[in-house]
>>> print(open('model.csv').read())   # CSV, C-alpha atoms and all ligand atoms
chain,number,residue,atom,x,y,z
K,931,MET,CA,-21.6,-10.1,-45.2
K,932,PHE,CA,-18.2,-11.6,-44.5
K,933,ASN,CA,-16.1,-9.2,-46.4
K,934,GLU,CA,-14.8,-7.1,-43.5
K,935,PRO,CA,-12.1,-8.5,-41.4
K,936,VAL,CA,-12.4,-8.6,-37.6
K,937,ILE,CA,-8.7,-7.6,-37.4
K,938,PHE,CA,-6.4,-6.0,-39.9
K,939,GLY,CA,-2.9,-4.5,-39.8
K,940,ARG,CA,-1.8,-1.1,-40.9
K,941,PHE,CA,1.8,-0.4,-41.8
K,942,LEU,CA,2.8,3.2,-41.8
K,943,VAL,CA,6.1,4.5,-43.1
K,944,ASN,CA,7.6,7.9,-42.7
K,945,SER,CA,10.8,7.5,-44.6
K,946,THR,CA,11.8,11.2,-44.2
K,947,GLN,CA,11.9,10.6,-40.4
K,948,GLY,CA,13.3,7.1,-40.8
K,949,ARG,CA,10.5,5.7,-38.7
K,950,GLU,CA,7.7,3.2,-39.2
K,951,TYR,CA,4.7,2.0,-37.3
K,952,PHE,CA,2.6,-1.1,-37.3
K,953,GLU,CA,-0.9,-0.9,-35.9
K,954,ILE,CA,-3.4,-3.7,-35.4
K,955,TYR,CA,-7.1,-2.7,-35.6
K,956,LYS,CA,-10.0,-4.6,-34.3
K,957,LYS,CA,-13.7,-4.2,-35.1
K,958,ILE,CA,-15.4,-2.5,-32.1
K,959,SER,CA,-18.4,-4.8,-32.4
K,960,PRO,CA,-19.5,-7.5,-34.9
K,961,ASP,CA,-22.2,-5.2,-36.4
K,962,SER,CA,-20.1,-2.1,-36.5
K,963,ASN,CA,-17.9,-1.0,-39.4
K,964,GLN,CA,-15.6,0.9,-37.1
K,965,TYR,CA,-12.2,-0.2,-35.9
K,966,LYS,CA,-10.1,0.6,-32.9
K,967,CYS,CA,-6.3,0.3,-32.6
K,968,ILE,CA,-5.4,-2.5,-30.2
K,969,GLU,CA,-1.7,-2.7,-30.7
K,970,ARG,CA,0.9,-0.3,-32.0
K,971,THR,CA,4.6,-0.6,-32.4
K,972,HIS,CA,7.0,2.2,-33.4
K,973,THR,CA,10.5,1.3,-34.8
K,974,ALA,CA,13.4,2.5,-37.0
K,975,LEU,CA,12.8,2.2,-40.7
K,976,GLY,CA,12.8,-1.4,-41.8
K,977,GLN,CA,12.8,-3.0,-38.3
K,978,HIS,CA,9.4,-4.7,-38.6
K,979,PHE,CA,10.6,-6.3,-41.8
K,980,LEU,CA,13.9,-7.4,-40.3
K,981,ASP,CA,12.0,-8.9,-37.2
K,982,PHE,CA,9.6,-10.6,-39.6
K,983,LEU,CA,12.6,-12.3,-41.4
K,984,GLU,CA,14.4,-13.2,-38.2
K,985,TYR,CA,11.5,-14.7,-36.3
K,986,SER,CA,9.8,-16.4,-39.3
K,987,ASP,CA,13.0,-18.0,-40.5
K,988,GLU,CA,13.1,-20.0,-37.2
K,989,ALA,CA,9.4,-20.4,-36.5
K,990,LEU,CA,7.8,-21.0,-40.0
K,991,PRO,CA,9.3,-24.4,-41.0
K,992,PRO,CA,7.9,-26.4,-38.1
K,993,ILE,CA,4.5,-24.7,-38.4
K,994,VAL,CA,4.4,-25.5,-42.2
K,995,SER,CA,5.3,-29.1,-41.6
K,996,HIS,CA,2.5,-29.4,-39.0
K,997,TYR,CA,0.1,-27.8,-41.5
K,998,ASN,CA,1.1,-30.4,-44.0
K,999,LYS,CA,0.1,-33.1,-41.6
K,1000,VAL,CA,-3.3,-31.5,-40.9
K,1001,PHE,CA,-3.8,-31.2,-44.7
K,1002,LYS,CA,-3.4,-35.0,-45.0
K,1003,TYR,CA,-6.2,-35.4,-42.4
K,1004,LEU,CA,-8.6,-33.3,-44.5
K,1005,ASP,CA,-11.7,-35.2,-45.5
K,1006,LYS,CA,-14.1,-34.8,-48.4
K,1007,ASP,CA,-17.1,-35.7,-46.2
K,1008,TYR,CA,-18.9,-32.4,-45.7
K,1009,LEU,CA,-21.4,-33.9,-43.3
K,1010,ASP,CA,-19.0,-35.3,-40.7
K,1011,GLN,CA,-19.3,-32.4,-38.3
K,1012,LYS,CA,-17.1,-33.9,-35.7
K,1013,LYS,CA,-14.2,-34.4,-38.1
K,1014,ILE,CA,-14.7,-31.0,-39.7
K,1015,HIS,CA,-14.7,-29.3,-36.3
K,1016,THR,CA,-11.5,-31.1,-35.3
K,1017,THR,CA,-9.8,-30.0,-38.5
K,1018,MET,CA,-10.9,-26.4,-38.2
K,1019,GLY,CA,-9.6,-26.5,-34.6
K,1020,PHE,CA,-6.2,-27.5,-35.9
K,1021,ILE,CA,-6.2,-24.8,-38.5
K,1022,HIS,CA,-7.1,-22.2,-35.9
K,1023,ASP,CA,-4.2,-23.4,-33.8
K,1024,ILE,CA,-1.9,-23.0,-36.8
K,1025,TYR,CA,-3.1,-19.4,-37.2
K,1026,ASN,CA,-2.6,-18.7,-33.6
K,1027,SER,CA,1.0,-20.1,-33.7
K,1028,LEU,CA,1.8,-17.9,-36.7
K,1029,SER,CA,0.2,-14.9,-35.1
K,1030,ALA,CA,2.5,-15.3,-32.1
K,1031,VAL,CA,5.6,-15.2,-34.5
K,1032,HIS,CA,5.1,-11.7,-35.8
K,1033,PRO,CA,2.2,-9.1,-36.0
K,1034,PHE,CA,2.3,-9.2,-39.8
K,1035,TRP,CA,1.1,-12.8,-39.7
K,1036,LYS,CA,-1.5,-11.9,-37.1
K,1037,SER,CA,-3.2,-9.5,-39.5
K,1038,THR,CA,-3.7,-11.9,-42.4
K,1039,PHE,CA,-6.2,-14.6,-41.3
K,1040,TYR,CA,-9.4,-12.7,-41.0
K,1041,LEU,CA,-10.3,-12.4,-44.6
K,1042,ASN,CA,-8.6,-15.4,-45.9
K,1043,PRO,CA,-10.5,-17.8,-48.2
K,1044,VAL,CA,-10.2,-20.7,-45.7
K,1045,LEU,CA,-12.2,-18.9,-42.9
K,1046,SER,CA,-14.5,-17.0,-45.3
K,1047,ASN,CA,-15.6,-20.2,-47.0
K,1048,TYR,CA,-15.9,-21.9,-43.7
K,1049,LYS,CA,-18.2,-19.1,-42.5
K,1050,TRP,CA,-20.4,-19.7,-45.5
K,1051,TYR,CA,-20.4,-23.4,-44.8
K,1052,GLU,CA,-21.6,-22.8,-41.3
K,1053,PHE,CA,-24.2,-20.3,-42.6
K,1054,TYR,CA,-25.8,-23.2,-44.3
K,1055,TYR,CA,-25.1,-25.9,-41.8
K,1056,PHE,CA,-26.6,-24.0,-38.9
K,1057,ARG,CA,-29.4,-22.7,-41.2
K,1058,GLU,CA,-28.5,-19.1,-40.5
K,1059,TYR,CA,-30.2,-18.2,-43.7
K,1060,MET,CA,-33.5,-18.6,-41.8
K,1061,ASN,CA,-32.7,-15.2,-40.3
K,1062,TYR,CA,-32.9,-13.8,-43.8
K,1063,ASP,CA,-35.3,-14.5,-46.7
K,1064,ALA,CA,-35.1,-18.2,-46.8
K,1065,SER,CA,-38.4,-19.0,-48.4
K,1066,ASP,CA,-37.0,-20.7,-51.5
K,1067,MET,CA,-34.1,-22.6,-49.8
K,1068,THR,CA,-34.8,-26.3,-50.1
K,1069,GLU,CA,-33.0,-29.0,-48.2
K,1070,ALA,CA,-31.4,-30.2,-51.4
K,1071,ASP,CA,-30.2,-26.6,-52.0
K,1072,ARG,CA,-28.7,-26.5,-48.5
K,1073,ASP,CA,-27.0,-29.7,-49.0
K,1074,SER,CA,-25.4,-28.7,-52.3
K,1075,LYS,CA,-24.3,-25.3,-50.7
K,1076,MET,CA,-22.7,-27.1,-47.8
K,1077,GLN,CA,-20.9,-29.5,-50.2
K,1078,HIS,CA,-19.7,-26.5,-52.3
K,1079,TYR,CA,-18.4,-24.5,-49.4
K,1080,TRP,CA,-16.6,-27.4,-47.8
K,1081,ASP,CA,-15.0,-28.1,-51.1
K,1082,GLN,CA,-13.9,-24.5,-51.3
K,1083,VAL,CA,-12.5,-24.7,-47.8
K,1084,ARG,CA,-10.4,-27.7,-48.8
K,1085,ARG,CA,-9.1,-26.0,-51.9
K,1086,SER,CA,-8.3,-22.8,-50.0
K,1087,ILE,CA,-6.3,-24.8,-47.4
K,1088,MET,CA,-4.3,-26.5,-50.2
K,1089,HIS,CA,-3.7,-23.1,-51.8
K,1090,GLU,CA,-2.7,-21.5,-48.5
K,1091,LEU,CA,-0.3,-24.3,-47.7
K,1092,LYS,CA,1.4,-23.7,-51.0
K,1093,GLU,CA,1.6,-20.0,-50.3
K,1094,LEU,CA,3.2,-20.7,-46.9
K,1095,GLU,CA,5.7,-23.1,-48.5
K,1096,GLU,CA,6.6,-20.4,-51.0
K,1097,PHE,CA,7.2,-18.0,-48.0
K,1098,LEU,CA,9.9,-20.3,-46.8
K,1099,ASN,CA,11.9,-19.6,-50.0
K,1100,PHE,CA,10.9,-16.0,-50.1
K,1101,ILE,CA,12.1,-15.4,-46.5
K,1102,SER,CA,15.5,-17.1,-47.2
K,1103,SER,CA,15.9,-15.1,-50.4
K,1104,MET,CA,15.1,-11.9,-48.6
K,1105,ARG,CA,17.6,-12.7,-45.9
K,1106,ASN,CA,20.3,-13.3,-48.4
K,1107,ALA,CA,19.5,-10.0,-50.1
K,1108,VAL,CA,19.4,-8.1,-46.9
K,1109,THR,CA,22.8,-9.4,-45.7
K,1110,PHE,CA,24.4,-8.8,-49.1
K,1111,CYS,CA,23.0,-5.4,-49.8
K,1112,LEU,CA,22.5,-3.8,-46.4
K,1113,ASP,CA,24.7,-5.5,-43.8
K,1114,TYR,CA,28.0,-3.6,-43.9
K,1115,SER,CA,29.6,-5.7,-41.1
K,1116,SER,CA,29.4,-8.9,-43.3
K,1117,PHE,CA,31.0,-7.5,-46.4
K,1118,PRO,CA,33.7,-5.0,-45.4
K,1119,GLU,CA,35.1,-5.0,-49.0
K,1120,PHE,CA,31.9,-3.3,-50.1
K,1121,SER,CA,32.0,-0.6,-47.4
K,1122,LYS,CA,32.5,2.2,-50.0
K,1123,LEU,CA,29.5,1.2,-52.1
K,1124,HIS,CA,26.0,2.7,-51.8
K,1125,THR,CA,23.3,0.2,-51.0
K,1126,GLN,CA,22.0,0.6,-54.5
K,1127,GLN,CA,25.3,-0.4,-56.0
K,1128,ARG,CA,25.3,-3.5,-53.8
K,1129,ALA,CA,21.8,-4.3,-54.8
K,1130,TYR,CA,23.0,-4.1,-58.4
K,1131,LEU,CA,25.8,-6.5,-57.7
K,1132,TYR,CA,23.4,-8.8,-56.0
K,1133,GLN,CA,21.0,-8.8,-58.9
K,1134,SER,CA,23.6,-9.2,-61.6
K,1135,HIS,CA,25.7,-11.9,-59.9
K,1136,PHE,CA,23.7,-13.8,-57.4
K,1137,ASP,CA,19.9,-13.6,-57.9
K,1138,SER,CA,19.0,-12.3,-61.3
K,1139,ASN,CA,15.3,-12.6,-60.6
K,1140,PHE,CA,15.4,-10.8,-57.4
K,1141,MET,CA,12.8,-7.9,-57.6
K,1142,ARG,CA,13.0,-7.9,-61.4
K,1143,ASN,CA,10.5,-8.4,-64.1
K,1144,GLN,CA,7.8,-7.3,-61.7
K,1145,THR,CA,5.9,-4.2,-62.5
K,1146,ILE,CA,5.8,-1.8,-59.6
K,1147,GLN,CA,2.0,-1.6,-59.7
K,1148,SER,CA,1.7,-5.3,-59.2
K,1149,ILE,CA,4.2,-5.3,-56.3
K,1150,PHE,CA,3.0,-2.3,-54.5
K,1151,ASN,CA,-0.6,-1.7,-53.6
K,1152,LEU,CA,-0.1,1.4,-51.4
K,1153,SER,CA,-2.3,4.2,-50.4
K,1154,ASP,CA,-1.2,7.6,-49.5
K,1155,ARG,CA,-3.2,9.0,-46.6
K,1156,ALA,CA,-3.0,11.8,-44.1
K,1157,SER,CA,-0.6,11.0,-41.2
K,1158,ALA,CA,-3.2,11.0,-38.5
K,1159,MET,CA,-1.3,9.1,-35.8
K,1160,ASP,CA,-3.8,9.1,-33.0
K,1161,PRO,CA,-4.2,5.4,-32.1
K,1162,ASP,CA,-7.5,6.1,-30.3
K,1163,ARG,CA,-9.2,7.3,-33.4
K,1164,LEU,CA,-11.8,5.0,-34.9
K,1165,ILE,CA,-11.3,4.2,-38.5
K,1166,SER,CA,-13.2,2.3,-41.2
K,1167,PHE,CA,-11.7,-0.4,-43.2
K,1168,SER,CA,-11.7,0.0,-47.0
K,1169,ASP,CA,-10.1,-2.6,-49.3
K,1170,ASN,CA,-9.8,-0.3,-52.3
K,1171,ASN,CA,-6.4,1.2,-51.6
K,1172,GLU,CA,-5.6,3.6,-54.3
K,1173,VAL,CA,-2.5,2.6,-56.1
K,1174,MET,CA,0.4,4.9,-55.4
K,1175,VAL,CA,3.5,4.7,-57.4
K,1176,SER,CA,6.2,6.6,-55.5
K,1177,SER,CA,9.4,7.7,-57.1
K,1178,ILE,CA,11.3,6.1,-54.3
K,1179,ILE,CA,10.2,2.6,-55.1
K,1180,SER,CA,10.5,2.8,-58.9
K,1181,ASN,CA,14.2,2.0,-58.3
K,1182,ALA,CA,13.4,-1.7,-57.6
K,1183,ASN,CA,15.1,-2.7,-60.7
K,1184,TYR,CA,18.6,-1.9,-59.5
K,1185,TYR,CA,20.2,-3.7,-62.4
K,1186,GLU,CA,18.6,-1.5,-65.0
K,1187,LEU,CA,19.1,1.6,-62.9
K,1188,ILE,CA,22.8,1.2,-62.6
K,1189,LYS,CA,23.4,-0.3,-66.1
K,1190,LYS,CA,21.8,2.7,-67.7
K,1191,SER,CA,24.1,5.2,-66.1
K,1192,LYS,CA,27.4,4.7,-67.8
K,1193,THR,CA,29.5,6.6,-65.3
K,1194,ALA,CA,29.3,6.1,-61.6
K,1195,LEU,CA,26.1,7.4,-60.0
K,1196,ASP,CA,26.2,11.0,-59.1
K,1197,PHE,CA,24.7,10.9,-55.7
K,1198,SER,CA,24.8,14.6,-55.1
K,1199,ALA,CA,22.5,15.2,-58.1
K,1200,LEU,CA,20.3,12.4,-56.8
K,1201,ALA,CA,20.3,13.9,-53.3
K,1202,ALA,CA,19.4,17.3,-54.8
K,1203,SER,CA,16.5,15.9,-56.8
K,1204,VAL,CA,15.1,14.1,-53.8
K,1205,GLU,CA,15.5,17.2,-51.7
K,1206,LYS,CA,13.3,19.2,-54.1
K,1207,THR,CA,10.6,16.6,-54.1
K,1208,SER,CA,10.7,15.4,-50.5
K,1209,ILE,CA,7.5,16.3,-48.9
K,1210,GLU,CA,6.9,14.5,-45.6
K,1211,THR,CA,4.3,11.9,-46.2
K,1212,THR,CA,3.3,8.9,-44.4
K,1213,THR,CA,2.6,6.0,-46.6
K,1214,ASN,CA,0.4,3.3,-45.3
K,1215,LEU,CA,-0.5,-0.1,-46.4
K,1216,ASP,CA,-3.5,-2.1,-45.0
K,1217,ILE,CA,-2.6,-5.7,-44.6
K,1218,THR,CA,-5.2,-8.5,-44.6
K,1219,THR,CA,-3.7,-11.2,-46.9
K,1220,LEU,CA,-0.5,-13.2,-47.1
K,1221,GLU,CA,0.3,-11.4,-50.4
K,1222,ASP,CA,0.3,-8.1,-48.4
K,1223,ILE,CA,3.2,-9.4,-46.3
K,1224,SER,CA,5.3,-9.9,-49.4
K,1225,THR,CA,4.4,-6.5,-50.5
K,1226,ILE,CA,5.5,-4.9,-47.2
K,1227,CYS,CA,8.7,-6.9,-47.4
K,1228,LEU,CA,9.6,-5.8,-50.9
K,1229,TYR,CA,8.5,-2.3,-50.3
K,1230,THR,CA,10.5,-2.0,-47.1
K,1231,PHE,CA,13.6,-3.6,-48.7
K,1232,SER,CA,13.5,-1.0,-51.6
K,1233,LEU,CA,13.1,1.8,-49.1
K,1234,LEU,CA,16.1,0.6,-47.1
K,1235,VAL,CA,18.1,0.4,-50.3
K,1236,SER,CA,17.1,3.8,-51.6
K,1237,ASN,CA,17.7,5.4,-48.2
K,1238,ASN,CA,21.2,3.8,-47.9
K,1239,VAL,CA,20.2,2.3,-44.5
K,1240,HIS,CA,22.9,0.0,-43.1
K,1241,VAL,CA,21.7,-2.8,-40.9
K,1242,ARG,CA,23.9,-5.1,-38.8
K,1243,PRO,CA,23.6,-8.0,-36.4
K,1244,CYS,CA,23.2,-6.9,-32.8
K,1245,LYS,CA,26.3,-7.4,-30.7
K,1246,ASN,CA,24.3,-9.2,-28.0
K,1247,CYS,CA,21.5,-11.2,-29.6
K,1248,GLY,CA,23.0,-11.5,-33.1
K,1249,ARG,CA,19.7,-10.5,-34.8
K,1250,LEU,CA,19.7,-7.9,-37.6
K,1251,PHE,CA,18.5,-4.5,-36.7
K,1252,SER,CA,18.1,-1.1,-38.3
K,1253,PRO,CA,19.8,1.7,-36.3
K,1254,TYR,CA,17.3,3.9,-34.5
K,1255,ASN,CA,19.4,7.0,-33.8
K,1256,ARG,CA,23.0,6.6,-34.7
K,1257,LYS,CA,24.4,4.8,-37.7
K,1258,ASP,CA,27.0,3.1,-35.5
K,1259,GLU,CA,24.7,1.7,-32.9
K,1260,LEU,CA,25.8,-1.8,-31.8
K,1261,TYR,CA,22.8,-3.1,-29.9
K,1262,CYS,CA,19.2,-3.6,-31.1
K,1263,SER,CA,16.3,-2.3,-29.1
K,1264,ARG,CA,14.7,-5.7,-28.6
K,1265,ILE,CA,14.0,-6.7,-25.0
K,1266,GLN,CA,15.4,-10.1,-24.0
K,1267,ALA,CA,13.5,-12.8,-22.1
K,1268,ASN,CA,15.2,-11.6,-18.9
K,1269,SER,CA,13.5,-8.2,-19.6
K,1270,LYS,CA,16.9,-6.6,-20.2
K,1271,THR,CA,17.8,-4.6,-23.2
K,1272,CYS,CA,20.5,-6.1,-25.4
K,1273,ARG,CA,22.9,-3.4,-24.2
K,1274,GLU,CA,22.4,-4.3,-20.5
K,1275,ASP,CA,22.3,-8.0,-21.2
K,1276,TYR,CA,25.6,-7.8,-23.1
K,1277,TYR,CA,27.2,-5.8,-20.3
K,1278,ASP,CA,26.1,-8.2,-17.6
K,1279,LYS,CA,27.4,-11.2,-19.6
K,1280,GLN,CA,30.7,-9.4,-20.2
K,1281,ILE,CA,31.2,-8.9,-16.4
K,1282,HIS,CA,30.4,-12.6,-15.9
K,1283,THR,CA,32.8,-13.7,-18.6
K,1284,ASP,CA,35.6,-11.5,-17.2
K,1285,GLU,CA,35.1,-13.1,-13.8
K,1286,LEU,CA,35.3,-16.6,-15.3
K,1287,ILE,CA,38.5,-15.9,-17.2
K,1288,ARG,CA,40.1,-14.4,-14.1
K,1289,TYR,CA,39.3,-17.5,-12.1
K,1290,TYR,CA,40.5,-19.7,-14.9
K,1291,ARG,CA,43.9,-17.9,-15.2
K,1292,THR,CA,44.5,-18.1,-11.4
K,1293,ALA,CA,43.8,-21.8,-11.4
K,1294,TYR,CA,46.0,-22.3,-14.5
K,1295,LYS,CA,48.9,-20.6,-12.8
K,1296,ARG,CA,48.4,-22.7,-9.7
K,1297,GLU,CA,48.2,-26.0,-11.6
K,1298,ASN,CA,51.2,-25.1,-13.8
K,1299,ALA,CA,53.3,-24.3,-10.6
K,1300,ARG,CA,52.3,-27.6,-9.1
K,1301,LYS,CA,53.4,-29.5,-12.2
K,1302,GLN,CA,56.8,-27.7,-12.2
K,1303,ARG,CA,57.3,-28.6,-8.5
K,1304,ASN,CA,56.5,-32.3,-9.0
K,1305,ILE,CA,57.9,-32.9,-12.4
K,1306,VAL,CA,61.1,-34.7,-11.0
K,1307,ASN,CA,59.4,-36.8,-8.3
K,1308,LYS,CA,56.2,-37.5,-10.1
K,1309,PRO,CA,56.6,-38.2,-13.9
K,1310,SER,CA,52.8,-38.4,-14.3
K,1311,SER,CA,52.3,-34.7,-13.3
K,1312,GLU,CA,52.8,-33.5,-16.9
K,1313,LYS,CA,50.1,-35.8,-18.2
K,1314,GLU,CA,47.8,-34.8,-15.3
K,1315,PHE,CA,48.3,-31.1,-16.1
K,1316,ILE,CA,47.4,-31.6,-19.7
K,1317,GLN,CA,44.2,-33.5,-18.7
K,1318,TRP,CA,43.3,-30.7,-16.2
K,1319,THR,CA,43.8,-28.0,-18.9
K,1320,LYS,CA,41.5,-29.9,-21.3
K,1321,LYS,CA,38.8,-30.2,-18.6
K,1322,ALA,CA,39.1,-26.6,-17.4
K,1323,LYS,CA,38.9,-25.2,-21.0
K,1324,LYS,CA,35.8,-27.2,-21.6
K,1325,ALA,CA,34.3,-26.0,-18.3
K,1326,LEU,CA,35.1,-22.4,-19.2
K,1327,GLU,CA,33.3,-22.6,-22.5
K,1328,LYS,CA,30.3,-24.2,-20.8
K,1329,ALA,CA,30.2,-21.6,-18.1
K,1330,LYS,CA,30.4,-18.7,-20.6
K,1331,LYS,CA,27.3,-20.1,-22.3
K,1332,GLY,CA,25.6,-20.5,-19.0
K,1333,ASP,CA,25.4,-24.3,-19.4
K,1334,ILE,CA,27.0,-24.8,-15.9
K,1335,SER,CA,26.9,-22.5,-12.9
K,1336,PHE,CA,29.8,-20.5,-11.5
K,1337,GLU,CA,29.9,-22.8,-8.5
K,1338,GLU,CA,30.1,-25.9,-10.8
K,1339,PHE,CA,32.8,-24.3,-12.8
K,1340,LYS,CA,34.9,-23.5,-9.7
K,1341,LYS,CA,34.6,-27.1,-8.5
K,1342,ILE,CA,35.9,-28.5,-11.8
K,1343,LEU,CA,38.9,-26.1,-11.8
K,1344,ASP,CA,39.6,-26.8,-8.1
K,1345,ARG,CA,39.6,-30.6,-8.9
K,1346,GLU,CA,36.6,-31.0,-6.7
K,1347,GLY,CA,34.2,-31.8,-9.5
K,1401,ZN,ZN,19.8,-7.5,-29.7
>>> encode(input="model.csv", output="structure tokens")
Amino acid sequence: MFNEPVIFGRFLVNSTQGREYFEIYKKISPDSNQYKCIERTHTALGQHFLDFLEYSDEALPPIVSHYNKVFKYLDKDYLDQKKIHTTMGFIHDIYNSLSAVHPFWKSTFYLNPVLSNYKWYEFYYFREYMNYDASDMTEADRDSKMQHYWDQVRRSIMHELKELEEFLNFISSMRNAVTFCLDYSSFPEFSKLHTQQRAYLYQSHFDSNFMRNQTIQSIFNLSDRASAMDPDRLISFSDNNEVMVSSIISNANYYELIKKSKTALDFSALAASVEKTSIETTTNLDITTLEDISTICLYTFSLLVSNNVHVRPCKNCGRLFSPYNRKDELYCSRIQANSKTCREDYYDKQIHTDELIRYYRTAYKRENARKQRNIVNKPSSEKEFIQWTKKAKKALEKAKKGDISFEEFKKILDREG
């Protein structure tokens, strides 16, 4: 009865085109088994994964620490409805905050054991079983069912909290790996290496457990489907994804891969072999659990490594991005809070900075000339000049960051502030 999610996410990858999509599906009505796409994002290969790392890295720690506090409030009493209601309200708030961080999170709370067990708890509490065949349900039965399901809710919360805490480590380890293996702006000394060679270095020198000792089947639970991309189509949810082991992801053990080949990797042969087998397929993964998020991350990481995709921090916002068209793109395609693209935003800031520096230089020349003029008559003018320079430099830094306005900045430099 409760084994179909209200919402689930579908991740689609077309690595031949270097594109990926994330779709969120919602049940069209509670009784229907059909779903409609309510959200769809289209990015360069790997961008959802990078966004997930960037945003979760900041947002997850305070949410997990709040969850820990809610956990302490959890009571065994399965009959105290008021308390239970308040607790479940807190948990829903936590899910909502996580959902706002990234669409991956948003897809994973509808089939989770916490809410599923809670639905069963309510099923007995509100005597919903009366709608079905309830002839043999005694009050004692109902009581023990409620106790059982509330106990299951508490256990699931404990388990989920642990999983979220593990995510904190997972995200930081993924971020390290991404920077080391894929970010060519951070390690110019590795610029001649293929991403696979860098991944080998990473595994052999820094994190020997990274993506190793895990069989591909247990990491990747992927299904290969037709690339029907019409978001208006109605689809059915099925949780038996056929396991697909793609040749592209069997390279997850970079250490073994490179160690085995005694000479340097012959990429032309590799390219030729891929060329022969490359049929354009869209791989999709339906995501409903927290575990699915790790799968998407590991899968995407291995795709980026196999495809030698170079990521870099955006020149404007500093967040990692995967290039959409050209390898040497400098700005990401994120839209900033002022609804400007990073390219426009950077350009505007640049003009602003130029203006500030011009004003600073003029004022500096004026102050310096004043000091030279007065140095004989007024011995304190040297000291005054040094003080002014200190103040003006500080004001310049503040104005660049937008901490003070241009007007305030001018006043300080003109000794009016
Ligand atoms: Zn940016």
>>> closest_residue(input="model.csv", among="K:Glu1058, K:Ser1102, K:Leu975, K:Pro1033", to="Glu988 in chain K", atoms="all atoms listed in the file")
K:Ser1102
>>> closest_atom_pairs(input="model.csv", of="chain K", to="ligand ZN 1401 (chain K)", cutoff="7 Å", atoms="all atoms listed in the file", output="JSON lines")
{"residue": "K:Cys1244", "atom": "CA", "partner": "K:ZN1401", "partner_atom": "ZN", "distance": 4.6}
{"residue": "K:Lys1245", "atom": "CA", "partner": "K:ZN1401", "partner_atom": "ZN", "distance": 6.6}
{"residue": "K:Asn1246", "atom": "CA", "partner": "K:ZN1401", "partner_atom": "ZN", "distance": 5.1}
{"residue": "K:Cys1247", "atom": "CA", "partner": "K:ZN1401", "partner_atom": "ZN", "distance": 4.1}
{"residue": "K:Gly1248", "atom": "CA", "partner": "K:ZN1401", "partner_atom": "ZN", "distance": 6.1}
{"residue": "K:Arg1249", "atom": "CA", "partner": "K:ZN1401", "partner_atom": "ZN", "distance": 5.9}
{"residue": "K:Tyr1261", "atom": "CA", "partner": "K:ZN1401", "partner_atom": "ZN", "distance": 5.3}
{"residue": "K:Cys1262", "atom": "CA", "partner": "K:ZN1401", "partner_atom": "ZN", "distance": 4.2}
{"residue": "K:Ser1263", "atom": "CA", "partner": "K:ZN1401", "partner_atom": "ZN", "distance": 6.3}
{"residue": "K:Arg1264", "atom": "CA", "partner": "K:ZN1401", "partner_atom": "ZN", "distance": 5.5}
{"residue": "K:Cys1272", "atom": "CA", "partner": "K:ZN1401", "partner_atom": "ZN", "distance": 4.6}
>>> atom_distance(input="model.csv", atom1="CA of Trp1050 in chain K", atom2="CA of Pro935 in chain K")
14.5 Å
>>> closest_residue(input="model.csv", among="K:Val1235, K:Lys1092, K:Asn998, K:Tyr1290", to="Leu1123 in chain K", atoms="all atoms listed in the file")
K:Val1235
>>> residues_around(input="model.csv", residues="Arg1128 in chain K", least_positions_apart="6", cutoff="12 Å", atoms="all atoms listed in the file", output="PyMOL selection string")
chain K and resi 1107-1114+1117-1122+1134-1136+1184-1185+1188+1235-1236+1238+1240
>>> atom_distance(input="model.csv", atom1="CA of Thr1218 in chain K", atom2="CA of Phe1039 in chain K")
7.0 Å
>>> residues_around(input="model.csv", residues="Lys1321 in chain K", least_positions_apart="2", cutoff="12 Å", atoms="only C-alpha atoms", output="PDB file with C-alpha atoms, in the coordinates of the input")
ATOM      1  CA  TYR K1290      40.500 -19.700 -14.900  1.00  0.00           C
ATOM      2  CA  TYR K1294      46.000 -22.300 -14.500  1.00  0.00           C
ATOM      3  CA  GLU K1314      47.800 -34.800 -15.300  1.00  0.00           C
ATOM      4  CA  PHE K1315      48.300 -31.100 -16.100  1.00  0.00           C
ATOM      5  CA  ILE K1316      47.400 -31.600 -19.700  1.00  0.00           C
ATOM      6  CA  GLN K1317      44.200 -33.500 -18.700  1.00  0.00           C
ATOM      7  CA  TRP K1318      43.300 -30.700 -16.200  1.00  0.00           C
ATOM      8  CA  THR K1319      43.800 -28.000 -18.900  1.00  0.00           C
ATOM      9  CA  LYS K1323      38.900 -25.200 -21.000  1.00  0.00           C
ATOM     10  CA  LYS K1324      35.800 -27.200 -21.600  1.00  0.00           C
ATOM     11  CA  ALA K1325      34.300 -26.000 -18.300  1.00  0.00           C
ATOM     12  CA  LEU K1326      35.100 -22.400 -19.200  1.00  0.00           C
ATOM     13  CA  GLU K1327      33.300 -22.600 -22.500  1.00  0.00           C
ATOM     14  CA  LYS K1328      30.300 -24.200 -20.800  1.00  0.00           C
ATOM     15  CA  PHE K1339      32.800 -24.300 -12.800  1.00  0.00           C
ATOM     16  CA  LYS K1340      34.900 -23.500  -9.700  1.00  0.00           C
ATOM     17  CA  LYS K1341      34.600 -27.100  -8.500  1.00  0.00           C
ATOM     18  CA  ILE K1342      35.900 -28.500 -11.800  1.00  0.00           C
ATOM     19  CA  LEU K1343      38.900 -26.100 -11.800  1.00  0.00           C
ATOM     20  CA  ASP K1344      39.600 -26.800  -8.100  1.00  0.00           C
ATOM     21  CA  ARG K1345      39.600 -30.600  -8.900  1.00  0.00           C
ATOM     22  CA  GLY K1347      34.200 -31.800  -9.500  1.00  0.00           C
TER      23      GLY K1347
END
>>> closest_residue(input="model.csv", among="K:Tyr1040, K:Ile1014, K:Leu1004, K:Ser962", to="Arg1085 in chain K", atoms="only C-alpha atoms")
K:Leu1004
